[in-house]
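Text of the file upload_22.pdb, holding PDB, C-alpha atoms:
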ATOM      1  CA  MET A   1      28.344 -49.883 177.699
ATOM      2  CA  LYS A   2      25.995 -47.316 179.158
ATOM      3  CA  TRP A   3      25.699 -43.598 178.538
ATOM      4  CA  GLU A   4      27.057 -41.366 181.321
ATOM      5  CA  PRO A   5      25.620 -37.854 181.719
ATOM      6  CA  PRO A   6      28.191 -35.182 180.837
ATOM      7  CA  ARG A   7      29.768 -32.828 183.312
ATOM      8  CA  GLN A   8      29.244 -29.064 183.162
ATOM      9  CA  TRP A   9      32.707 -27.502 183.030
ATOM     10  CA  GLU A  10      33.844 -24.220 184.523
ATOM     11  CA  LYS A  11      37.021 -22.261 183.956
ATOM     12  CA  THR A  12      38.631 -23.374 187.231
ATOM     13  CA  ASP A  13      37.829 -27.111 186.850
ATOM     14  CA  THR A  14      40.455 -29.794 186.330
ATOM     15  CA  ILE A  15      40.001 -32.931 184.276
ATOM     16  CA  ASN A  16      40.602 -36.331 185.857
ATOM     17  CA  ILE A  17      40.769 -39.953 184.698
ATOM     18  CA  SER A  18      37.028 -40.548 185.165
ATOM     19  CA  ASP A  19      36.338 -37.496 182.941
ATOM     20  CA  TRP A  20      38.628 -38.828 180.199
ATOM     21  CA  GLN A  21      36.995 -42.260 180.420
ATOM     22  CA  ARG A  22      33.449 -40.802 180.343
ATOM     23  CA  ILE A  23      34.297 -38.843 177.190
ATOM     24  CA  GLU A  24      35.804 -41.986 175.593
ATOM     25  CA  ASN A  25      32.788 -44.124 176.566
ATOM     26  CA  ASN A  26      30.199 -41.587 175.406
ATOM     27  CA  THR A  27      32.028 -41.140 172.114
ATOM     28  CA  GLN A  28      32.123 -44.905 171.665
ATOM     29  CA  TRP A  29      28.412 -45.210 172.557
ATOM     30  CA  ILE A  30      27.456 -42.734 169.802
ATOM     31  CA  ALA A  31      29.918 -44.202 167.281
ATOM     32  CA  GLU A  32      28.645 -47.743 167.806
ATOM     33  CA  PHE A  33      25.080 -46.630 167.131
ATOM     34  CA  TYR A  34      26.107 -45.061 163.818
ATOM     35  CA  GLY A  35      28.525 -47.867 162.942
ATOM     36  CA  VAL A  36      31.578 -45.605 162.947
ATOM     37  CA  THR A  37      34.906 -47.250 163.793
ATOM     38  CA  LEU A  38      37.152 -45.071 165.948
ATOM     39  CA  GLN A  39      40.143 -45.606 168.231
ATOM     40  CA  TYR A  40      39.545 -45.643 171.991
ATOM     41  CA  LYS A  41      41.571 -45.999 175.147
ATOM     42  CA  THR A  42      40.731 -47.468 178.536
ATOM     43  CA  TRP A  43      42.101 -44.913 180.965
ATOM     44  CA  GLN A  44      43.971 -46.122 184.040
ATOM     45  CA  TYR A  45      44.859 -44.104 187.113
ATOM     46  CA  THR A  46      48.468 -44.302 185.939
ATOM     47  CA  SER A  47      47.555 -42.924 182.488
ATOM     48  CA  TRP A  48      48.846 -39.528 181.481
ATOM     49  CA  PRO A  49      46.992 -37.536 178.782
ATOM     50  CA  THR A  50      49.476 -36.614 176.084
ATOM     51  CA  TRP A  51      48.757 -34.194 173.273
ATOM     52  CA  LEU A  52      48.388 -37.248 170.992
ATOM     53  CA  GLU A  53      45.588 -38.593 173.212
ATOM     54  CA  VAL A  54      43.803 -35.228 173.251
ATOM     55  CA  THR A  55      44.191 -35.004 169.475
ATOM     56  CA  ARG A  56      42.799 -38.531 169.075
ATOM     57  CA  ILE A  57      39.736 -37.709 171.222
ATOM     58  CA  GLU A  58      39.130 -34.512 169.290
ATOM     59  CA  SER A  59      39.522 -36.401 165.989
ATOM     60  CA  ASN A  60      36.957 -38.962 167.160
ATOM     61  CA  ILE A  61      34.468 -36.208 167.973
ATOM     62  CA  ASN A  62      35.178 -34.460 164.672
ATOM     63  CA  ALA A  63      34.578 -37.714 162.800
ATOM     64  CA  LEU A  64      31.144 -37.985 164.438
ATOM     65  CA  LEU A  65      30.176 -34.365 163.930
ATOM     66  CA  GLU A  66      31.999 -33.562 160.704
ATOM     67  CA  GLN A  67      29.001 -32.065 158.936
ATOM     68  CA  THR A  68      27.152 -30.526 161.871
ATOM     69  CA  HIS A  69      29.639 -28.705 164.045
ATOM     70  CA  GLY A  70      32.949 -26.813 163.860
ATOM     71  CA  PHE A  71      35.339 -27.017 166.790
ATOM     72  CA  GLN A  72      37.386 -24.335 168.441
ATOM     73  CA  SER A  73      41.094 -24.443 167.733
ATOM     74  CA  LYS A  74      42.059 -24.206 171.414
ATOM     75  CA  PHE A  75      41.552 -27.098 173.880
ATOM     76  CA  ASP A  76      40.125 -25.589 177.061
ATOM     77  CA  TRP A  77      37.138 -25.823 179.433
ATOM     78  CA  GLN A  78      34.847 -24.255 176.835
ATOM     79  CA  LEU A  79      35.814 -26.922 174.309
ATOM     80  CA  LEU A  80      35.148 -29.612 176.934
ATOM     81  CA  ASN A  81      31.647 -28.173 177.437
ATOM     82  CA  ASP A  82      31.254 -28.139 173.667
ATOM     83  CA  ILE A  83      32.340 -31.778 173.356
ATOM     84  CA  GLU A  84      30.083 -32.923 176.180
ATOM     85  CA  GLY A  85      27.169 -30.858 174.804
ATOM     86  CA  CYS A  86      27.583 -32.379 171.348
ATOM     87  CA  LEU A  87      27.704 -35.880 172.798
ATOM     88  CA  LEU A  88      24.563 -35.142 174.830
ATOM     89  CA  ALA A  89      22.750 -33.827 171.740
ATOM     90  CA  LEU A  90      23.781 -36.893 169.735
ATOM     91  CA  HIS A  91      22.706 -39.159 172.605
ATOM     92  CA  GLU A  92      19.251 -37.536 172.650
ATOM     93  CA  LYS A  93      18.905 -38.084 168.883
ATOM     94  CA  VAL A  94      19.935 -41.745 169.194
ATOM     95  CA  VAL A  95      17.421 -42.302 172.014
ATOM     96  CA  GLN A  96      14.689 -40.607 169.928
ATOM     97  CA  LEU A  97      15.520 -42.888 167.011
ATOM     98  CA  GLN A  98      15.494 -45.956 169.235
ATOM     99  CA  LEU A  99      12.121 -45.015 170.752
ATOM    100  CA  SER A 100      10.574 -44.170 167.378
ATOM    101  CA  VAL A 101      10.983 -47.699 166.049
ATOM    102  CA  ARG A 102       8.025 -49.999 166.703
ATOM    103  CA  ARG A 103       8.105 -53.691 166.098
ATOM    104  CA  SER A 104       5.614 -55.124 163.631
ATOM    105  CA  GLY A 105       2.318 -55.974 165.323
ATOM    106  CA  THR A 106       2.749 -53.665 168.318
ATOM    107  CA  PHE A 107       0.023 -51.228 169.362
ATOM    108  CA  CYS A 108       0.329 -47.498 169.966
ATOM    109  CA  ALA A 109      -1.987 -45.071 171.783
ATOM    110  CA  GLY A 110      -4.881 -43.794 169.688
ATOM    111  CA  GLN A 111      -4.570 -46.535 167.091
ATOM    112  CA  GLU A 112      -7.830 -48.128 165.979
ATOM    113  CA  ILE A 113      -7.776 -51.805 166.777
ATOM    114  CA  TYR A 114     -10.005 -54.470 165.283
ATOM    115  CA  ILE A 115     -10.373 -57.502 167.505
ATOM    116  CA  PRO A 116     -12.850 -60.072 166.212
ATOM    117  CA  ILE A 117     -15.249 -61.177 168.953
ATOM    118  CA  GLY A 118     -17.130 -64.471 168.909
ATOM    119  CA  VAL A 119     -15.224 -65.893 165.952
ATOM    120  CA  VAL A 120     -14.464 -69.597 166.131
TER     121      VAL A 120
END
Structure rendered as C-alpha cells:
Amino acid sequence: MKWEPPRQWEKTDTINISDWQRIENNTQWIAEFYGVTLQYKTWQYTSWPTWLEVTRIESNINALLEQTHGFQSKFDWQLLNDIEGCLLALHEKVVQLQLSVRRSGTFCAGQEIYIPIGVV
C-alpha cells in the first residue's frame, strides 16, 4: 500500500469514494507502521457512507492520535482538513524514522573511514 497525498478541503467541497478510500488507506499505512490494529473498509462505487462508517474512521484516527490531538465534535470540511493534516504529519514522522535508520556497516557523509591499503 502506498501513501496518497491528502486533499485540501474547502467549505463547498463534496467527498467522494476516492476520498473515503484515500483516508482509509492513509490511516492503514500509519497504523501498520506503528503496529496498531484497526478496522478498515474497501470502498466501492456502490458504497454509501453511513454514520457508523464515519464514526469508525474517526475512531481509527483517534486511536492513532489519542495523546497528541483532540478532535472537533462536528464532522465537516474543517475536520476533514484536520484528519488529512494529522495523517500527513504522521506520514512525515514515519518517513523521518525510516530514513534515520542505517544498516550496520553503511557509510554516511562526513564519517571518517579507515580503509587499509596494501594489506595482504
Point out the residue among A:Gln78, A:Thr42, A:Gln96, A:Thr27 with the least atom-to-atom distance to Ile57 (chain A), counting only C-alpha atoms.
->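 Going through A:Gln78, A:Thr42, A:Gln96, A:Thr27 one by one, the smallest distance to Ile57 (chain A) is for A:Thr27.
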Can you list, as a compact mmCIF listing (two decimals) with C-alpha atoms, in the coordinates of the input, the residues that the PyMOL selection byres ((chain A and resi 6-9) around 10) selects here?
# COMPACT_ATOMS: atom_id res chain seq x y z
CA TRP A 3 25.70 -43.60 178.54
CA GLU A 4 27.06 -41.37 181.32
CA PRO A 5 25.62 -37.85 181.72
CA GLU A 10 33.84 -24.22 184.52
CA LYS A 11 37.02 -22.26 183.96
CA THR A 12 38.63 -23.37 187.23
CA ASP A 13 37.83 -27.11 186.85
CA THR A 14 40.46 -29.79 186.33
CA ILE A 15 40.00 -32.93 184.28
CA ASP A 19 36.34 -37.50 182.94
CA ARG A 22 33.45 -40.80 180.34
CA ILE A 23 34.30 -38.84 177.19
CA ASN A 26 30.20 -41.59 175.41
CA ASP A 76 40.12 -25.59 177.06
CA TRP A 77 37.14 -25.82 179.43
CA GLN A 78 34.85 -24.26 176.84
CA LEU A 79 35.81 -26.92 174.31
CA LEU A 80 35.15 -29.61 176.93
CA ASN A 81 31.65 -28.17 177.44
CA ASP A 82 31.25 -28.14 173.67
CA ILE A 83 32.34 -31.78 173.36
CA GLU A 84 30.08 -32.92 176.18
CA GLY A 85 27.17 -30.86 174.80
CA CYS A 86 27.58 -32.38 171.35
CA LEU A 87 27.70 -35.88 172.80
CA LEU A 88 24.56 -35.14 174.83
Neighbour list for Asn60 (chain A) as a PDB file with C-alpha atoms, in the frame of the given file, cut-off 12 Å, only C-alpha atoms, skip fewer than 2 positions in-chain:
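As a result, part-v3.pdb now contains:
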ATOM      1  CA  ILE A  23      34.297 -38.843 177.190  1.00  0.00           C
ATOM      2  CA  GLU A  24      35.804 -41.986 175.593  1.00  0.00           C
ATOM      3  CA  ASN A  25      32.788 -44.124 176.566  1.00  0.00           C
ATOM      4  CA  ASN A  26      30.199 -41.587 175.406  1.00  0.00           C
ATOM      5  CA  THR A  27      32.028 -41.140 172.114  1.00  0.00           C
ATOM      6  CA  GLN A  28      32.123 -44.905 171.665  1.00  0.00           C
ATOM      7  CA  TRP A  29      28.412 -45.210 172.557  1.00  0.00           C
ATOM      8  CA  ILE A  30      27.456 -42.734 169.802  1.00  0.00           C
ATOM      9  CA  ALA A  31      29.918 -44.202 167.281  1.00  0.00           C
ATOM     10  CA  VAL A  36      31.578 -45.605 162.947  1.00  0.00           C
ATOM     11  CA  THR A  37      34.906 -47.250 163.793  1.00  0.00           C
ATOM     12  CA  LEU A  38      37.152 -45.071 165.948  1.00  0.00           C
ATOM     13  CA  GLN A  39      40.143 -45.606 168.231  1.00  0.00           C
ATOM     14  CA  TYR A  40      39.545 -45.643 171.991  1.00  0.00           C
ATOM     15  CA  LYS A  41      41.571 -45.999 175.147  1.00  0.00           C
ATOM     16  CA  GLU A  53      45.588 -38.593 173.212  1.00  0.00           C
ATOM     17  CA  VAL A  54      43.803 -35.228 173.251  1.00  0.00           C
ATOM     18  CA  THR A  55      44.191 -35.004 169.475  1.00  0.00           C
ATOM     19  CA  ARG A  56      42.799 -38.531 169.075  1.00  0.00           C
ATOM     20  CA  ILE A  57      39.736 -37.709 171.222  1.00  0.00           C
ATOM     21  CA  GLU A  58      39.130 -34.512 169.290  1.00  0.00           C
ATOM     22  CA  ASN A  62      35.178 -34.460 164.672  1.00  0.00           C
ATOM     23  CA  ALA A  63      34.578 -37.714 162.800  1.00  0.00           C
ATOM     24  CA  LEU A  64      31.144 -37.985 164.438  1.00  0.00           C
ATOM     25  CA  LEU A  65      30.176 -34.365 163.930  1.00  0.00           C
ATOM     26  CA  GLU A  66      31.999 -33.562 160.704  1.00  0.00           C
ATOM     27  CA  ILE A  83      32.340 -31.778 173.356  1.00  0.00           C
ATOM     28  CA  LEU A  87      27.704 -35.880 172.798  1.00  0.00           C
TER      29      LEU A  87
END
Between CA of His91 (chain A) and CA of Ile61 (chain A), what is the distance, to one decimal in Å?
->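 CA of Ile61 (chain A) lies at a distance of 13.0 Å from CA of His91 (chain A).
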The PyMOL selection byres ((chain A and resi 45) around 9) resolved against shown file, as a list in words |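 Applied to this file, the PyMOL selection byres ((chain A and resi 45) around 9) selects Asn16, Ile17, Ser18, Trp43, Gln44, Thr46, Ser47 and Trp48 of chain A.
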Assuming 5 Å of padding per side, give the centre and edge lengths of the axis-aligned box around every listed atom of region 50-69 of chain A, in Å to one decimal and as lines of an AutoDock Vina configuration file.
center_x = 38.3
center_y = -33.8
center_z = 167.5
size_x = 32.3
size_y = 20.3
size_z = 27.1
